[in-house]
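Note: the block below is input.cif and it holds mmCIF, C-alpha atoms.
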```
data_run
loop_
_atom_site.group_PDB
_atom_site.id
_atom_site.type_symbol
_atom_site.label_atom_id
_atom_site.label_comp_id
_atom_site.auth_asym_id
_atom_site.auth_seq_id
_atom_site.Cartn_x
_atom_site.Cartn_y
_atom_site.Cartn_z
ATOM 1 C CA MET A 1 -107.774 -129.209 64.961
ATOM 2 C CA ARG A 2 -104.522 -127.297 64.504
ATOM 3 C CA PHE A 3 -104.213 -125.165 67.601
ATOM 4 C CA ALA A 4 -101.009 -123.498 66.386
ATOM 5 C CA ALA A 5 -102.954 -121.961 63.491
ATOM 6 C CA ILE A 6 -105.693 -120.808 65.859
ATOM 7 C CA TYR A 7 -103.198 -119.164 68.208
ATOM 8 C CA GLY A 8 -101.291 -117.684 65.251
ATOM 9 C CA SER A 9 -104.419 -116.144 63.717
ATOM 10 C CA GLY A 10 -105.415 -114.853 67.129
ATOM 11 C CA ALA A 11 -102.008 -113.231 67.562
ATOM 12 C CA ALA A 12 -102.301 -111.580 64.141
ATOM 13 C CA ALA A 13 -105.653 -110.144 65.263
ATOM 14 C CA GLY A 14 -104.086 -108.832 68.485
ATOM 15 C CA PHE A 15 -105.149 -111.520 70.969
ATOM 16 C CA THR A 16 -102.823 -113.036 73.524
ATOM 17 C CA PRO A 17 -102.651 -116.840 73.754
ATOM 18 C CA GLN A 18 -104.413 -116.545 77.115
ATOM 19 C CA ALA A 19 -107.258 -114.543 75.561
ATOM 20 C CA VAL A 20 -107.628 -117.106 72.766
ATOM 21 C CA ARG A 21 -107.706 -119.948 75.298
ATOM 22 C CA ALA A 22 -110.412 -118.171 77.329
ATOM 23 C CA MET A 23 -112.714 -117.776 74.304
ATOM 24 C CA SER A 24 -115.226 -120.298 73.026
ATOM 25 C CA MET A 25 -114.711 -121.309 69.410
ATOM 26 C CA PHE A 26 -117.838 -119.311 68.521
ATOM 27 C CA GLN A 27 -116.402 -116.186 70.175
ATOM 28 C CA TYR A 28 -113.001 -116.691 68.574
ATOM 29 C CA PHE A 29 -114.267 -117.201 65.023
ATOM 30 C CA SER A 30 -116.789 -114.369 65.362
ATOM 31 C CA ALA A 31 -114.034 -112.000 66.498
ATOM 32 C CA LEU A 32 -111.722 -113.223 63.722
ATOM 33 C CA ASP A 33 -114.439 -112.746 61.092
ATOM 34 C CA GLY A 34 -114.978 -109.194 62.324
ATOM 35 C CA TRP A 35 -111.256 -108.461 62.288
ATOM 36 C CA MET A 36 -110.942 -109.813 58.748
ATOM 37 C CA ALA A 37 -113.930 -107.788 57.531
ATOM 38 C CA ALA A 38 -112.359 -104.626 58.941
ATOM 39 C CA ASN A 39 -108.767 -105.285 57.833
ATOM 40 C CA VAL A 40 -108.755 -107.335 54.626
ATOM 41 C CA PRO A 41 -110.056 -105.559 51.518
ATOM 42 C CA GLU A 42 -112.277 -107.853 49.459
ATOM 43 C CA ASP A 43 -111.164 -106.483 46.094
ATOM 44 C CA GLU A 44 -107.439 -106.587 46.770
ATOM 45 C CA ASN A 45 -105.726 -109.343 44.801
ATOM 46 C CA ALA A 46 -109.049 -110.470 43.328
ATOM 47 C CA LEU A 47 -109.003 -112.010 39.881
ATOM 48 C CA THR A 48 -110.292 -109.953 36.993
ATOM 49 C CA ASP A 49 -113.128 -111.419 34.939
ATOM 50 C CA LYS A 50 -110.648 -112.284 32.178
ATOM 51 C CA GLU A 51 -108.258 -113.981 34.621
ATOM 52 C CA ARG A 52 -111.163 -115.938 36.089
ATOM 53 C CA ASP A 53 -112.305 -117.042 32.615
ATOM 54 C CA ASP A 54 -108.755 -117.989 31.600
ATOM 55 C CA LEU A 55 -108.292 -120.007 34.785
ATOM 56 C CA TRP A 56 -111.617 -121.796 34.268
ATOM 57 C CA ALA A 57 -110.705 -122.608 30.645
ATOM 58 C CA TRP A 58 -107.337 -123.959 31.781
ATOM 59 C CA LEU A 59 -109.006 -126.142 34.419
ATOM 60 C CA GLU A 60 -111.509 -127.504 31.921
ATOM 61 C CA ALA A 61 -108.689 -128.340 29.493
ATOM 62 C CA SER A 62 -106.749 -130.275 32.138
#
```
Could you quickly redo this structure as structure tokens?
Amino acid sequence: MRFAAIYGSGAAAGFTPQAVRAMSMFQYFSALDGWMAANVPEDENALTDKERDDLWAWLEAS
């Protein structure tokens, strides 16, 4: 497990390293999921249907 990534994601969500260390993994990932749901728009940077189809066609051709 890469603890640097866990502490880094926690810091981005506003947690101190001490707060991250005090949490269980369940608590940490639940809090991170909630933070992401509130702060990361689902539609932003999403592929359009045409882009998705083009990407799929390119993958099939490879």
Next on the checklist: Which residues are near A:Ser9? Cut-off 12 Å, only C-alpha atoms, ignore same chain within fewer than 6 positions. Put them as a list of chain:residue names.
Outcome noted: A:Arg2, A:Phe3, A:Phe15, A:Thr16, A:Pro17, A:Val20, A:Tyr28, A:Phe29, A:Ala31, A:Leu32, A:Asp33, A:Trp35, A:Met36
Item to check | Separation of atom CA of A:Ser24 from atom CA of A:Glu42 in Å | outcome: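 Computing it gives 26.8 Å between the two atoms.
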Checklist entry - Quick one: of A:Ala46, A:Leu55, A:Ala13, A:Ala5, who's nearest to A:Ser30, counting all atoms listed in the file? => result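 Checking each of A:Ala46, A:Leu55, A:Ala13, A:Ala5 against A:Ser30, counting all atoms listed in the file, the winner is A:Ala13.
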What are the centre and the three edge lengths of an axis-aligned box that wraps all atoms of stretch 45-54 of chain A in the file, given that 4 Å is added to every side, written as JSON and rounded to one decimal in Å?
```
{"center_x": -109.4, "center_y": -113.7, "center_z": 38.2, "size_x": 15.4, "size_y": 16.6, "size_z": 21.2}
```
Checklist entry - So what do you get for atom CA of A:Met25 versus atom CA of A:Ala12, distance-wise? => result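 Distance reported for this atom pair: 16.6 Å.
Going from atom CA of A:Glu60 over to atom CA of A:Leu47, you cover 17.6 Å.
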Generate N, CA, C and O atoms for stretch 3-27 of chain A and emit them as a CSV table (one decimal), in the coordinates of the input.
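Output file out25.csv is given in full below:
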```csv
chain,number,residue,atom,x,y,z
A,3,PHE,N,-104.2,-126.3,66.6
A,3,PHE,CA,-104.2,-125.2,67.6
A,3,PHE,C,-103.2,-124.1,67.3
A,3,PHE,O,-103.4,-122.9,67.6
A,4,ALA,N,-102.0,-124.5,66.7
A,4,ALA,CA,-101.0,-123.5,66.4
A,4,ALA,C,-101.6,-122.5,65.4
A,4,ALA,O,-101.3,-121.3,65.6
A,5,ALA,N,-102.4,-122.9,64.4
A,5,ALA,CA,-103.0,-122.0,63.5
A,5,ALA,C,-104.0,-121.1,64.2
A,5,ALA,O,-104.1,-119.9,63.9
A,6,ILE,N,-104.7,-121.6,65.1
A,6,ILE,CA,-105.7,-120.8,65.9
A,6,ILE,C,-105.0,-119.7,66.7
A,6,ILE,O,-105.4,-118.6,66.7
A,7,TYR,N,-103.9,-120.1,67.4
A,7,TYR,CA,-103.2,-119.2,68.2
A,7,TYR,C,-102.5,-118.1,67.3
A,7,TYR,O,-102.4,-117.0,67.6
A,8,GLY,N,-102.0,-118.6,66.2
A,8,GLY,CA,-101.3,-117.7,65.3
A,8,GLY,C,-102.2,-116.7,64.7
A,8,GLY,O,-101.9,-115.5,64.6
A,9,SER,N,-103.4,-117.1,64.2
A,9,SER,CA,-104.4,-116.1,63.7
A,9,SER,C,-104.9,-115.2,64.8
A,9,SER,O,-105.1,-114.0,64.5
A,10,GLY,N,-105.0,-115.7,66.0
A,10,GLY,CA,-105.4,-114.9,67.1
A,10,GLY,C,-104.4,-113.8,67.4
A,10,GLY,O,-104.7,-112.6,67.7
A,11,ALA,N,-103.1,-114.2,67.3
A,11,ALA,CA,-102.0,-113.2,67.6
A,11,ALA,C,-102.0,-112.2,66.5
A,11,ALA,O,-101.8,-111.0,66.8
A,12,ALA,N,-102.3,-112.6,65.2
A,12,ALA,CA,-102.3,-111.6,64.1
A,12,ALA,C,-103.4,-110.6,64.3
A,12,ALA,O,-103.3,-109.4,63.9
A,13,ALA,N,-104.5,-111.0,65.0
A,13,ALA,CA,-105.7,-110.1,65.3
A,13,ALA,C,-105.5,-109.4,66.6
A,13,ALA,O,-106.3,-108.6,66.9
A,14,GLY,N,-104.4,-109.6,67.3
A,14,GLY,CA,-104.1,-108.8,68.5
A,14,GLY,C,-104.5,-109.5,69.8
A,14,GLY,O,-104.4,-108.9,70.8
A,15,PHE,N,-104.8,-110.8,69.8
A,15,PHE,CA,-105.1,-111.5,71.0
A,15,PHE,C,-103.9,-112.2,71.6
A,15,PHE,O,-103.1,-112.7,70.8
A,16,THR,N,-103.9,-112.3,72.9
A,16,THR,CA,-102.8,-113.0,73.5
A,16,THR,C,-103.2,-114.5,73.5
A,16,THR,O,-104.4,-114.8,73.4
A,17,PRO,N,-102.3,-115.4,73.7
A,17,PRO,CA,-102.7,-116.8,73.8
A,17,PRO,C,-103.6,-117.1,74.9
A,17,PRO,O,-104.6,-117.9,74.7
A,18,GLN,N,-103.5,-116.4,76.0
A,18,GLN,CA,-104.4,-116.5,77.1
A,18,GLN,C,-105.8,-116.1,76.8
A,18,GLN,O,-106.8,-116.7,77.2
A,19,ALA,N,-105.9,-115.0,76.0
A,19,ALA,CA,-107.3,-114.5,75.6
A,19,ALA,C,-107.9,-115.5,74.6
A,19,ALA,O,-109.1,-115.8,74.7
A,20,VAL,N,-107.1,-116.1,73.7
A,20,VAL,CA,-107.6,-117.1,72.8
A,20,VAL,C,-108.1,-118.3,73.5
A,20,VAL,O,-109.2,-118.8,73.3
A,21,ARG,N,-107.3,-118.8,74.5
A,21,ARG,CA,-107.7,-119.9,75.3
A,21,ARG,C,-109.0,-119.7,76.1
A,21,ARG,O,-109.8,-120.6,76.3
A,22,ALA,N,-109.2,-118.5,76.5
A,22,ALA,CA,-110.4,-118.2,77.3
A,22,ALA,C,-111.7,-118.1,76.5
A,22,ALA,O,-112.8,-118.1,77.0
A,23,MET,N,-111.5,-117.9,75.2
A,23,MET,CA,-112.7,-117.8,74.3
A,23,MET,C,-113.3,-119.1,73.9
A,23,MET,O,-112.6,-120.1,73.8
A,24,SER,N,-114.6,-119.1,73.7
A,24,SER,CA,-115.2,-120.3,73.0
A,24,SER,C,-114.9,-120.2,71.5
A,24,SER,O,-114.4,-119.2,71.0
A,25,MET,N,-115.0,-121.3,70.8
A,25,MET,CA,-114.7,-121.3,69.4
A,25,MET,C,-115.6,-120.3,68.7
A,25,MET,O,-115.2,-119.7,67.8
A,26,PHE,N,-116.9,-120.3,69.1
A,26,PHE,CA,-117.8,-119.3,68.5
A,26,PHE,C,-117.3,-117.9,68.7
A,26,PHE,O,-117.3,-117.1,67.8
A,27,GLN,N,-116.9,-117.5,69.9
A,27,GLN,CA,-116.4,-116.2,70.2
A,27,GLN,C,-115.2,-115.9,69.3
A,27,GLN,O,-115.0,-114.8,68.8
```
